[in-house]
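A.B. asks: Structure supplied as input_20.cif; contents: mmCIF, C-alpha atoms.
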```cif
data_run
loop_
_atom_site.group_PDB
_atom_site.id
_atom_site.type_symbol
_atom_site.label_atom_id
_atom_site.label_comp_id
_atom_site.auth_asym_id
_atom_site.auth_seq_id
_atom_site.Cartn_x
_atom_site.Cartn_y
_atom_site.Cartn_z
ATOM 1 C CA MET A 1 76.817 32.228 150.963
ATOM 2 C CA GLN A 2 73.150 32.189 150.045
ATOM 3 C CA SER A 3 70.658 34.738 151.207
ATOM 4 C CA ASN A 4 67.357 33.616 152.702
ATOM 5 C CA PHE A 5 65.652 36.840 151.690
ATOM 6 C CA ARG A 6 63.456 36.573 148.616
ATOM 7 C CA CYS A 7 61.022 39.070 147.246
ATOM 8 C CA LYS A 8 57.553 37.618 146.735
ATOM 9 C CA ILE A 9 54.640 39.151 144.906
ATOM 10 C CA LYS A 10 51.392 38.777 146.833
ATOM 11 C CA ASP A 11 49.059 39.033 143.867
ATOM 12 C CA GLU A 12 50.318 37.617 140.568
ATOM 13 C CA SER A 13 47.533 39.382 138.632
ATOM 14 C CA LYS A 14 49.068 42.762 139.450
ATOM 15 C CA LYS A 15 52.417 41.740 138.008
ATOM 16 C CA ILE A 16 52.712 43.250 134.536
ATOM 17 C CA GLU A 17 55.662 43.800 132.304
ATOM 18 C CA MET A 18 56.208 47.278 130.942
ATOM 19 C CA SER A 19 56.281 46.846 127.195
ATOM 20 C CA SER A 20 58.482 49.281 125.410
ATOM 21 C CA VAL A 21 57.854 50.440 121.890
ATOM 22 C CA THR A 22 59.161 47.743 119.524
ATOM 23 C CA LYS A 23 61.137 48.434 116.359
ATOM 24 C CA GLU A 24 58.191 47.571 114.132
ATOM 25 C CA LYS A 25 55.829 49.810 116.070
ATOM 26 C CA LYS A 26 58.398 52.603 116.100
ATOM 27 C CA SER A 27 58.917 52.460 112.330
ATOM 28 C CA SER A 28 55.158 52.383 111.700
ATOM 29 C CA ILE A 29 54.639 55.465 113.894
ATOM 30 C CA ILE A 30 57.475 57.303 112.140
ATOM 31 C CA ALA A 31 56.052 56.289 108.734
ATOM 32 C CA GLU A 32 52.564 57.469 109.655
ATOM 33 C CA TYR A 33 53.528 60.850 111.080
ATOM 34 C CA GLY A 34 56.964 61.600 109.616
ATOM 35 C CA GLY A 35 56.503 60.822 105.933
ATOM 36 C CA ASN A 36 58.386 57.523 105.589
ATOM 37 C CA SER A 37 59.900 55.014 107.997
ATOM 38 C CA LYS A 38 63.470 56.288 107.464
ATOM 39 C CA ASN A 39 62.651 59.912 108.326
ATOM 40 C CA THR A 40 63.264 59.549 112.066
ATOM 41 C CA GLY A 41 64.325 63.162 112.491
ATOM 42 C CA SER A 42 60.983 64.724 111.601
ATOM 43 C CA ILE A 43 59.463 66.711 114.442
ATOM 44 C CA GLU A 44 56.007 65.212 113.892
ATOM 45 C CA GLY A 45 57.398 61.670 114.044
ATOM 46 C CA GLN A 46 59.361 62.388 117.203
ATOM 47 C CA ILE A 47 56.321 63.922 118.911
ATOM 48 C CA ALA A 48 54.164 60.934 117.936
ATOM 49 C CA LEU A 49 56.820 58.557 119.258
ATOM 50 C CA PHE A 50 57.053 60.426 122.570
ATOM 51 C CA THR A 51 53.262 60.328 122.822
ATOM 52 C CA GLU A 52 53.220 56.552 122.346
ATOM 53 C CA GLU A 53 55.971 56.084 124.950
ATOM 54 C CA ILE A 54 54.159 58.392 127.388
ATOM 55 C CA ASN A 55 50.973 56.365 126.988
ATOM 56 C CA GLU A 56 52.838 53.098 127.655
ATOM 57 C CA ILE A 57 54.544 54.480 130.770
ATOM 58 C CA SER A 58 51.243 55.911 132.034
ATOM 59 C CA LYS A 59 49.644 52.457 131.862
ATOM 60 C CA HIS A 60 52.559 51.061 133.871
ATOM 61 C CA LEU A 61 52.294 53.792 136.506
ATOM 62 C CA LYS A 62 48.564 53.218 137.022
ATOM 63 C CA VAL A 63 49.411 49.756 138.365
ATOM 64 C CA ASN A 64 52.775 50.602 139.989
ATOM 65 C CA LYS A 65 52.028 53.826 141.828
ATOM 66 C CA LYS A 66 55.293 53.875 143.804
ATOM 67 C CA ASP A 67 57.639 53.438 140.840
ATOM 68 C CA PHE A 68 59.254 56.844 141.200
ATOM 69 C CA SER A 69 62.174 56.283 138.845
ATOM 70 C CA THR A 70 59.745 55.532 136.019
ATOM 71 C CA LEU A 71 57.750 58.594 137.025
ATOM 72 C CA ARG A 72 60.878 60.694 136.605
ATOM 73 C CA GLY A 73 61.430 59.210 133.139
ATOM 74 C CA LEU A 74 57.828 60.036 132.269
ATOM 75 C CA MET A 75 58.327 63.655 133.329
ATOM 76 C CA ARG A 76 61.437 63.901 131.129
ATOM 77 C CA LYS A 77 59.543 62.583 128.111
ATOM 78 C CA VAL A 78 56.619 64.935 128.724
ATOM 79 C CA GLY A 79 59.028 67.887 128.961
ATOM 80 C CA GLN A 80 60.835 66.896 125.769
ATOM 81 C CA ARG A 81 57.539 66.500 123.918
ATOM 82 C CA LYS A 82 56.447 69.916 125.203
ATOM 83 C CA ARG A 83 59.640 71.516 123.898
ATOM 84 C CA LEU A 84 59.187 69.869 120.494
ATOM 85 C CA LEU A 85 55.550 71.004 120.359
ATOM 86 C CA THR A 86 56.607 74.572 121.165
ATOM 87 C CA TYR A 87 59.198 74.458 118.376
ATOM 88 C CA LEU A 88 56.640 73.076 115.917
ATOM 89 C CA SER A 89 54.083 75.738 116.858
ATOM 90 C CA LYS A 90 56.624 78.475 116.111
ATOM 91 C CA GLN A 91 57.711 76.915 112.801
ATOM 92 C CA ASP A 92 54.444 75.608 111.351
ATOM 93 C CA ILE A 93 51.244 76.538 113.210
ATOM 94 C CA LEU A 94 48.965 74.653 110.802
ATOM 95 C CA GLY A 95 51.038 71.482 111.064
ATOM 96 C CA TYR A 96 51.041 71.902 114.841
ATOM 97 C CA ARG A 97 47.253 72.098 114.994
ATOM 98 C CA ALA A 98 46.855 69.155 112.617
ATOM 99 C CA LEU A 99 49.229 67.028 114.693
ATOM 100 C CA LEU A 100 47.408 67.853 117.933
ATOM 101 C CA GLU A 101 44.140 66.859 116.310
ATOM 102 C CA LYS A 102 45.602 63.625 114.896
ATOM 103 C CA LEU A 103 47.256 62.574 118.175
ATOM 104 C CA GLY A 104 44.293 63.577 120.297
ATOM 105 C CA LEU A 105 46.312 65.906 122.515
ATOM 106 C CA ARG A 106 44.445 68.681 124.204
ATOM 107 C CA LYS A 107 45.417 72.283 123.709
#
```
Just dump the structure as structure tokens.
C.D. replies:
Amino acid sequence: MQSNFRCKIKDESKKIEMSSVTKEKKSSIIAEYGGNSKNTGSIEGQIALFTEEINEISKHLKVNKKDFSTLRGLMRKVGQRKRLLTYLSKQDILGYRALLEKLGLRK
């Protein structure tokens, strides 16, 4: 039994695909902030990766304002990044300040 209901997009120009962070981009971010591309556990690399993902999701949400499940995912990533930044500030205040400056985060 076929359904006659089909979802149509009124304006094709508004249709965008949310691009996730690719493997190559991920390894380059980790290499830039974490020391080398294999050091995925470094706090600085993780924070930089979260920042890149947050920026990508923010672009998506500017077009798709009612995408609430993605908004929830964004809030989770922002919270995780905040916890990592708090940990870094307690462990290495100079590294914390340098990372904020490098990523362009306000604080």
A.B. asks: Could you tell me how far CA of Gly34 (chain A) lies from CA of Leu94 (chain A), in Å and to one decimal?
C.D. replies: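 CA of Gly34 (chain A) sits 15.4 Å away from CA of Leu94 (chain A).
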A.B. asks: Taking only residues of region 18-70 of chain A that have an atom at most 8 Å from an atom of region 80-90 of chain A, what is each one's shortest atom pair and its distance in Å to one decimal, using all atoms listed in the file, in chain and number order, as JSON lines?
C.D. replies:
```
{"residue": "A:Ile43", "atom": "CA", "partner": "A:Leu84", "partner_atom": "CA", "distance": 6.8}
{"residue": "A:Ile47", "atom": "CA", "partner": "A:Arg81", "partner_atom": "CA", "distance": 5.8}
{"residue": "A:Phe50", "atom": "CA", "partner": "A:Arg81", "partner_atom": "CA", "distance": 6.2}
{"residue": "A:Thr51", "atom": "CA", "partner": "A:Arg81", "partner_atom": "CA", "distance": 7.6}
```
A.B. asks: For the selection you just gave me, I'd like the residues written to a file as a compact mmCIF listing (two decimals), in the frame of the given file, keeping C-alpha atoms.
C.D. replies:
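Generated output (out.txt):
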```
# COMPACT_ATOMS: atom_id res chain seq x y z
CA ILE A 43 59.46 66.71 114.44
CA ILE A 47 56.32 63.92 118.91
CA PHE A 50 57.05 60.43 122.57
CA THR A 51 53.26 60.33 122.82
```
A.B. asks: Quick one: of A:Arg97, A:Asp67, A:Gly35, A:Ser20, who's nearest to Asn55 (chain A), counting all atoms listed in the file?
C.D. replies: A:Ser20
A.B. asks: My list of candidates is A:Thr70, A:Ser28, A:Asn36, A:Ser42. Which is closest to Ser58 (chain A) when distances are computed with all atoms listed in the file?
C.D. replies: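 Of the candidates, the smallest distance to Ser58 (chain A) is held by A:Thr70.
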A.B. asks: Could you jot down the CA of Glu32 (chain A) to CA of Ala48 (chain A) separation for me, Å, one decimal place?
C.D. replies: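 Atom-to-atom, CA of Glu32 (chain A) and CA of Ala48 (chain A) are spaced 9.1 Å apart.
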A.B. asks: For a quick check of understanding, using only C-alpha atoms, which of A:Lys66, A:Arg72, A:Lys38, A:Lys25 has the smallest distance to Glu52 (chain A)?
C.D. replies: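 Of the candidates, the smallest distance to Glu52 (chain A) is held by A:Lys25.
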A.B. asks: Would you compute the distance between CA of Ile29 (chain A) and CA of Leu61 (chain A)? Give it in Å to one decimal.
C.D. replies: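 Between CA of Ile29 (chain A) and CA of Leu61 (chain A) the gap works out to 22.8 Å.
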A.B. asks: Residues picked by the PyMOL selection byres ((chain A and resi 59) around 12) here, as JSON, numbers by chain?
C.D. replies: {"A": [16, 17, 18, 19, 20, 52, 53, 54, 55, 56, 57, 58, 60, 61, 62, 63, 64, 65, 70, 71, 74]}
A.B. asks: Let me make sure I understand: among A:Ala31, A:Ser37, A:Val21, A:Glu44, which one has the smallest atom-to-atom distance to Lys102 (chain A) if we use only C-alpha atoms?
C.D. replies: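 Of A:Ala31, A:Ser37, A:Val21, A:Glu44, the one nearest Lys102 (chain A) is A:Glu44, counting only C-alpha atoms.
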A.B. asks: Given 4 Å of margin on each side, can you work out the centre and size in Å (one decimal) of an axis-aligned box holding every listed atom of region 59-72 of chain A, as lines of an AutoDock Vina configuration file?
C.D. replies:
```
center_x = 55.4
center_y = 55.2
center_z = 137.8
size_x = 21.6
size_y = 18.9
size_z = 19.9
```
A.B. asks: With distances taken over only C-alpha atoms, which residue among A:Val78, A:Ser69, A:Gly45, A:Thr40 lies nearest Leu99 (chain A)?
C.D. replies: A:Gly45
A.B. asks: Select, from A:Ser27, A:Thr22, A:Tyr33, A:Phe68, the residue with the minimum atom-to-atom distance to Ala98 (chain A), counting only C-alpha atoms.
C.D. replies: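 Using only C-alpha atoms, Ala98 (chain A) sits closest to A:Tyr33.
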